[in-house]
Every structure is written in C-alpha cells, then in structure tokens.
Amino acid sequence: MTDSHPLTGSRTLPGSKTLPDAVHAWAESVLGPLTVVRDASHPRPGSQVWEVTHQRDGARHFVKISPTPKFFARETRAYRQTAPALGRGSVPRLVETNPQWQALLLTAVPGQGVTSLPLTPARQRAVHRQAGVWLSRFHGGPRDLSPQDHAEAVAEVARAVHSAERHLDSAEGLIGERERETVRRHAAELTRLDPLPHGYVHGDFQERNWLFDTGPGTLAVVDLERARPHAVVFDIVRLACGPWVGRPDLRAAFFEGYGRELTDKEQRSLRCLAALDAVSAISWGVPHHDPEIVARGRATLARLERGDAA
C-alpha cells in the first residue's frame with residue numbers, strides 16, 4: 001500500500017522519507033504528473049534524494065535537496081559547466097533547479113551501484129579504467145580554471161591542512177598519541193608540497209558514487225555536491241585508501257584510463273591527504289555510528305605508521 005500525494009495523487013512508497021509538498025509541486029510543474037515517488041537517500045545525515053516516475057511515459061528522474069547552500073551552488077555549477085562535456089549517459093543531466101528549496105531535478109542514468117554488483121576481477125579493472133577516463137575529463141586542465149578558481153584550489157589545500165587540528169580535537173580519546181603525531185607530521189608536510197596541479201574535482205570520488213551498466217559495460221558517476229577547484233590528487237584519496245588496498249591491478253587500470261601517473265610531489269601529497277582523511281573519518285564515523293568509515297580511517301593510519309604508501 002502506498003500513500004497518495006494530497007495535491008497530485010502520485011504515490012509515496014511506505015516507510016520512506018516524504019518529498020516535501022512544495023518541492024513535489026515544483027517537480028510536477030517542470031515534468032508533468034508523477035506516479036511514484038521513491039526515497040533514494042543515502043543512509044547518512046543530510047541526504048535527501050527521491051526517484052520520481054513520470055505518469056505519461058514512465059521516465060525516471062531524481063529530485064535532490066542539497067543539505068547546504070554551498071553544496072547547492074557547487075552541484076549546480078558542476079552540472080551546468082563541467083558535466084555537459086562528459087559522455088552522454090556518464091553523468092546525470094540537470095533539468096532544472098529551485099534555489100528557494102535548494103532543489104535540483106536530474107535525469108536518471110543507467111546502471112547499478114558498483115558496490116552492490118558481483119563483479120569479476122576483470123570487470124572491476126574495466127570499471128576502474130573507465131573511472132580514470134571519466135575523472136580525467138572531469139578534472140580538465142589548468143587552462144580550464146579561472147584565476148579565481150586557481151586561488152580557490154590553493155585555499156582548499158590550506159583548508160585541508162588547517163582542518164587537521166579540528167579533527168584531532170574531535171577525535172580526542174579515539175586515537176592514540178602516536179597516531180596524532182602521524183596526522184600532524186603529514187599536515188605539516190602538505191604545506192611544503194603546495195602548489196600542486198589543480199583541476200575541477202568531484203570531491204567524493206569513490207565506488208559508492210559509481211553506477212555500472214553491466215549490459216554495455218558503461219560507467220556513470222553521480223553526486224557532484226562537493227565538486228570544486230582543488231588539487232586533482234584530492235580525488236584519488238578515497239580510492240587509494242579503499243578499493244586499491246591490496247589491489248594494485250585496480251590502481252594500474254585506473255591510471256591507464258586517467259592517462260598519466262601521479263607526479264612524485266602528488267604521490268607524497270596523497271599520503272598527506274590520506275592522513276587528514278583518516279582522522280576526519282574517525283572523528284565523524286564514531287559519533288555517527290559508521291563502522292565502515294572508521295575502519296577505513298584506522299587502517300589508513302596504521303599503513304602510514306608502517307611507512308606503507310597510501
């Protein structure tokens with residue numbers, strides 16, 4: 001049994017987060033009557049996403065309410081300026097935005113979440129190779145950024161360094177003194193490595209934001225709310241600290257698609273950024289009861305303490 005929307009008669013699936021009436025009405029003013037609204041939010045605070053189905057032809061779209069004005073502005077810019085240059089079907093298309101509600105209306109892209117698919121090792125390498133191609137196109141080159149963008153990228157690296165102490169304060173009692181010193185040492189080293197190659201980063205580039213269509217074998221990437229000018233190596237951190245651990249074949253496939261290896265300075269900065277990501281993961285994951293992200297952070301710090309590469 002589903003509940004009917006009071007204004008339109010469309011159905012909201014039971015046990016799900018309800019799309020606000022005003023946003024529902026706005027989506028229908030753009031698309032026309034909707035039949036089904038399905039809560040498609042991530043299981044994390046602030047995520048508000050709904051899949052909606054068009055009454056006439058069954059076309060699927062997504063309505064997303066951004067958690068902050070900054071995320072709304074970033075995602076809107078990414079879909080308007082950067083995403084159109086990517087291959088068709090490799091990223092959602094922005095249909096319309098509503099600044100009043102910080103809402104975006106997006107097309108659906110084919111595929112299932114990579115983390116939910118039983119992929120063979122060969123298919124995993126193919127996915128990571130395509131991810132490298134996608135990210136290279138998304139990053140663009142230094143000439144694609146304005147002087148203001150380059151200044152923002154420098155500021156983002158500095159912001160990452162300055163956030164280290166804040167995350168260490170939040171992680172008080174959660175990590176030992178040796179681990180804290182590891183984080184501080186890498187934060188200090190990162191200041192000596194800047195400037196780094198800049199680009200337009202995705203900001204949360206990891207497998208949970210990848211959709212793979214197993215038929216044609218094509219990859220799409222979603223969730224651009226953290227996209228912004230930054231050091232391009234920032235987008236490598238979640239991969240190096242996640243699926244690439246113990247899988248050098250995935251790393252090699254990715255960089256084959258990306259078109260170049262990291263420079264020595266980028267490789268050193270990757271270790272530094274990994275340390276900062278690790279303490280952030282622990283300080284956020286423990287109070288939010290996310291054991292997976294906490295385990296990733298602790299494993300990263302353990303590898304760094306052993307001197308292993310990120």
# chains A, B, ... in the order shown; residues from 1 in each chain; ligands from 1
$ closest_atom_pairs --of "range 128-231 of chain A" --to "range 41-47 of chain A" --cutoff "12 Å" --atoms "only C-alpha atoms" --output "Markdown table"
| residue | atom | partner | partner_atom | distance |
| --- | --- | --- | --- | --- |
| A:Arg208 | CA | A:His42 | CA | 9.7 |
| A:Asn209 | CA | A:His42 | CA | 10.3 |
| A:Asp223 | CA | A:Ser47 | CA | 10.5 |
| A:Glu225 | CA | A:Ser47 | CA | 10.9 |
$ select_by_dssp --residues "range 177-302 of chain A" --states "strand (DSSP E or B)" --output "VMD selection string"
chain A and resid 198 to 201 210 to 213 218 to 221 228 to 231
$ write_last_selection --atoms "N, CA and C atoms" --output "short mmCIF file (atom, residue, chain, number, x, y, z; two decimals), in the first residue's frame"
data_model
loop_
_atom_site.label_atom_id
_atom_site.label_comp_id
_atom_site.auth_asym_id
_atom_site.auth_seq_id
_atom_site.Cartn_x
_atom_site.Cartn_y
_atom_site.Cartn_z
N HIS A 198 46.24 21.68 -10.32
CA HIS A 198 44.86 21.98 -9.99
C HIS A 198 43.91 21.49 -11.08
N GLY A 199 42.67 21.31 -10.69
CA GLY A 199 41.62 20.94 -11.62
C GLY A 199 40.28 21.09 -10.94
N TYR A 200 39.23 20.68 -11.63
CA TYR A 200 37.88 20.71 -11.07
C TYR A 200 37.60 19.32 -10.54
N VAL A 201 37.58 19.14 -9.21
CA VAL A 201 37.47 17.81 -8.63
C VAL A 201 36.02 17.44 -8.36
N TRP A 210 29.49 5.48 -8.07
CA TRP A 210 29.63 4.97 -9.43
C TRP A 210 28.47 4.03 -9.74
N LEU A 211 27.90 4.16 -10.93
CA LEU A 211 26.87 3.25 -11.42
C LEU A 211 27.41 2.53 -12.65
N PHE A 212 27.28 1.21 -12.68
CA PHE A 212 27.80 0.42 -13.79
C PHE A 212 26.67 -0.32 -14.46
N ASP A 213 26.55 -0.14 -15.78
CA ASP A 213 25.55 -0.83 -16.58
C ASP A 213 26.21 -2.07 -17.17
N THR A 218 29.14 0.13 -19.26
CA THR A 218 29.44 1.55 -19.19
C THR A 218 29.28 2.08 -17.76
N LEU A 219 30.05 3.11 -17.47
CA LEU A 219 30.10 3.69 -16.13
C LEU A 219 29.49 5.08 -16.12
N ALA A 220 28.73 5.38 -15.07
CA ALA A 220 28.23 6.73 -14.82
C ALA A 220 28.62 7.12 -13.40
N VAL A 221 28.77 8.41 -13.16
CA VAL A 221 29.16 8.93 -11.85
C VAL A 221 28.12 9.96 -11.41
N ARG A 228 34.49 21.11 -6.94
CA ARG A 228 35.05 22.45 -6.78
C ARG A 228 36.49 22.45 -7.28
N PRO A 229 37.08 23.60 -7.49
CA PRO A 229 38.52 23.65 -7.80
C PRO A 229 39.34 23.16 -6.60
N HIS A 230 40.34 22.36 -6.88
CA HIS A 230 41.17 21.78 -5.81
C HIS A 230 42.40 21.18 -6.48
N ALA A 231 43.32 20.69 -5.68
CA ALA A 231 44.40 19.86 -6.20
C ALA A 231 43.80 18.55 -6.69
#
$ closest_residue --among "A:Val161, A:Arg226, A:Val232, A:Val109" --to "Pro69 in chain A" --atoms "only C-alpha atoms"
A:Arg226
$ closest_residue --among "A:Thr53, A:Gln48, A:Ser163, A:Gln130" --to "Thr107 in chain A" --atoms "only C-alpha atoms"
A:Thr53
$ closest_atom_pairs --of "range 179-225 of chain A" --to "range 244-262 of chain A" --cutoff "12 Å" --atoms "only C-alpha atoms" --output "Markdown table"
| residue | atom | partner | partner_atom | distance |
| --- | --- | --- | --- | --- |
| A:Leu196 | CA | A:Leu262 | CA | 10.8 |
| A:Pro197 | CA | A:Leu262 | CA | 9.9 |
| A:Gln206 | CA | A:Trp244 | CA | 10.9 |
| A:Glu207 | CA | A:Trp244 | CA | 11.0 |
$ write_last_selection --atoms "C-alpha atoms" --output "PDB file, in the first residue's frame"
ATOM      1  CA  LEU A 196      50.034  21.084  -6.747  1.00  0.00           C
ATOM      2  CA  PRO A 197      48.357  20.533 -10.141  1.00  0.00           C
ATOM      3  CA  GLN A 206      34.572   6.637  -4.684  1.00  0.00           C
ATOM      4  CA  GLU A 207      32.777   3.473  -5.731  1.00  0.00           C
TER       5      GLU A 207
END
$ closest_residue --among "A:Ser283, A:Gln148, A:Ser90, A:Thr82" --to "Gly173 in chain A" --atoms "only C-alpha atoms"
A:Ser283
$ residues_around --residues "Gln102 in chain A" --least-positions-apart "3" --cutoff "6 Å" --atoms "only C-alpha atoms" --output "PyMOL selection string"
chain A and resi 65-66+72+98-99
$ closest_residue --among "A:Arg38, A:Arg306, A:Arg88, A:His162" --to "Thr182 in chain A" --atoms "only C-alpha atoms"
A:Arg306
$ residues_around --residues "Leu224 in chain A" --least-positions-apart "2" --cutoff "8 Å" --atoms "only C-alpha atoms" --output "ChimeraX atom specification"
/A:74-75,78-79,202-204,222,226-227
$ write_last_selection --atoms "N, CA and C atoms" --output "tab-separated table (two decimals), in the first residue's frame"
chain	number	residue	atom	x	y	z
A	74	ARG	N	27.65	24.45	-5.56
A	74	ARG	CA	28.69	23.63	-6.17
A	74	ARG	C	28.10	22.64	-7.17
A	75	GLU	N	27.03	21.98	-6.77
A	75	GLU	CA	26.46	20.96	-7.65
A	75	GLU	C	25.82	21.59	-8.88
A	78	ALA	N	28.62	22.45	-11.24
A	78	ALA	CA	29.22	21.26	-11.85
A	78	ALA	C	28.34	20.71	-12.97
A	79	TYR	N	27.04	20.63	-12.74
A	79	TYR	CA	26.15	20.09	-13.77
A	79	TYR	C	26.00	21.03	-14.95
A	202	HIS	N	35.77	16.13	-8.32
A	202	HIS	CA	34.46	15.61	-7.95
A	202	HIS	C	34.21	15.83	-6.47
A	203	GLY	N	35.21	15.58	-5.65
A	203	GLY	CA	35.13	15.84	-4.22
A	203	GLY	C	34.73	14.66	-3.36
A	204	ASP	N	34.11	13.66	-3.96
A	204	ASP	CA	33.74	12.45	-3.22
A	204	ASP	C	33.81	11.27	-4.18
A	222	VAL	N	27.75	9.90	-10.14
A	222	VAL	CA	26.71	10.80	-9.61
A	222	VAL	C	27.25	11.54	-8.38
A	226	ARG	N	30.05	18.08	-3.95
A	226	ARG	CA	31.34	18.52	-3.41
A	226	ARG	C	32.33	18.94	-4.50
A	227	ALA	N	31.85	19.05	-5.72
A	227	ALA	CA	32.72	19.43	-6.85
A	227	ALA	C	33.19	20.88	-6.67
$ closest_residue --among "A:Glu96, A:Asp169, A:Asp39, A:Glu181" --to "Thr18 in chain A" --atoms "only C-alpha atoms"
A:Asp39
$ select_by_dssp --residues "range 103-165 of chain A" --states "helix (DSSP H, G or I)" --output "MDAnalysis selection string"
chainID A and resid 114:116 121:139 142:144 147:165
$ residues_around --residues "Lys64 in chain A" --least-positions-apart "2" --cutoff "8 Å" --atoms "only C-alpha atoms" --output "ChimeraX atom specification"
/A:48-50,62,66,103-106
$ write_last_selection --atoms "N, CA and C atoms" --output "short mmCIF file (atom, residue, chain, number, x, y, z; two decimals), in the first residue's frame"
data_model
loop_
_atom_site.label_atom_id
_atom_site.label_comp_id
_atom_site.auth_asym_id
_atom_site.auth_seq_id
_atom_site.Cartn_x
_atom_site.Cartn_y
_atom_site.Cartn_z
N GLN A 48 18.99 13.88 1.02
CA GLN A 48 17.58 13.94 0.67
C GLN A 48 17.45 13.81 -0.85
N VAL A 49 17.17 12.61 -1.31
CA VAL A 49 17.08 12.31 -2.74
C VAL A 49 15.86 11.42 -2.96
N TRP A 50 15.09 11.74 -4.02
CA TRP A 50 13.93 10.93 -4.37
C TRP A 50 13.95 10.59 -5.85
N PHE A 62 15.40 12.27 -10.83
CA PHE A 62 15.70 12.36 -9.41
C PHE A 62 15.56 13.80 -8.95
N SER A 66 19.66 19.85 -1.62
CA SER A 66 21.01 19.97 -1.11
C SER A 66 20.99 20.29 0.39
N ALA A 103 16.87 22.81 -4.44
CA ALA A 103 16.50 21.54 -5.07
C ALA A 103 17.02 21.47 -6.50
N LEU A 104 17.43 20.28 -6.91
CA LEU A 104 17.86 20.01 -8.27
C LEU A 104 17.01 18.89 -8.85
N LEU A 105 16.66 19.03 -10.10
CA LEU A 105 15.92 18.00 -10.82
C LEU A 105 16.85 17.42 -11.87
N LEU A 106 17.14 16.12 -11.78
CA LEU A 106 18.16 15.48 -12.59
C LEU A 106 17.59 14.29 -13.36
#
$ residues_around --residues "Ala85 in chain A" --least-positions-apart "4" --cutoff "9 Å" --atoms "only C-alpha atoms" --output "PyMOL selection string"
chain A and resi 81+137-138
$ write_last_selection --atoms "N, CA and C atoms" --output "mmCIF file, in the first residue's frame"
data_model
loop_
_atom_site.group_PDB
_atom_site.id
_atom_site.type_symbol
_atom_site.label_atom_id
_atom_site.label_comp_id
_atom_site.auth_asym_id
_atom_site.auth_seq_id
_atom_site.Cartn_x
_atom_site.Cartn_y
_atom_site.Cartn_z
ATOM 1 N N GLN A 81 28.327 23.478 -15.968
ATOM 2 C CA GLN A 81 29.551 23.881 -16.659
ATOM 3 C C GLN A 81 30.456 22.709 -17.031
ATOM 4 N N ARG A 137 38.572 13.556 -17.707
ATOM 5 C CA ARG A 137 37.743 14.522 -18.431
ATOM 6 C C ARG A 137 37.126 15.534 -17.483
ATOM 7 N N PHE A 138 36.699 15.072 -16.320
ATOM 8 C CA PHE A 138 36.079 15.964 -15.355
ATOM 9 C C PHE A 138 37.090 16.965 -14.801
#
$ closest_residue --among "A:Glu28, A:Asp235, A:Glu305, A:Glu189" --to "Arg56 in chain A" --atoms "only C-alpha atoms"
A:Glu28
$ residues_around --residues "Arg180 in chain A" --least-positions-apart "6" --cutoff "12 Å" --atoms "only C-alpha atoms" --output "list in words"
Ala164, Glu165, Arg166, His167, Leu168, Asp169, Ser170, Ala171, Glu172, Gly173, Leu174, His186, Ala187, Ala275, Leu276, Ala278, Val279, Ser280, Ile282, Arg298, Leu301, Ala302, Leu304 and Glu305 of chain A
$ atom_distance --atom1 "CA of Leu190 in chain A" --atom2 "CA of Leu270 in chain A"
9.0 Å
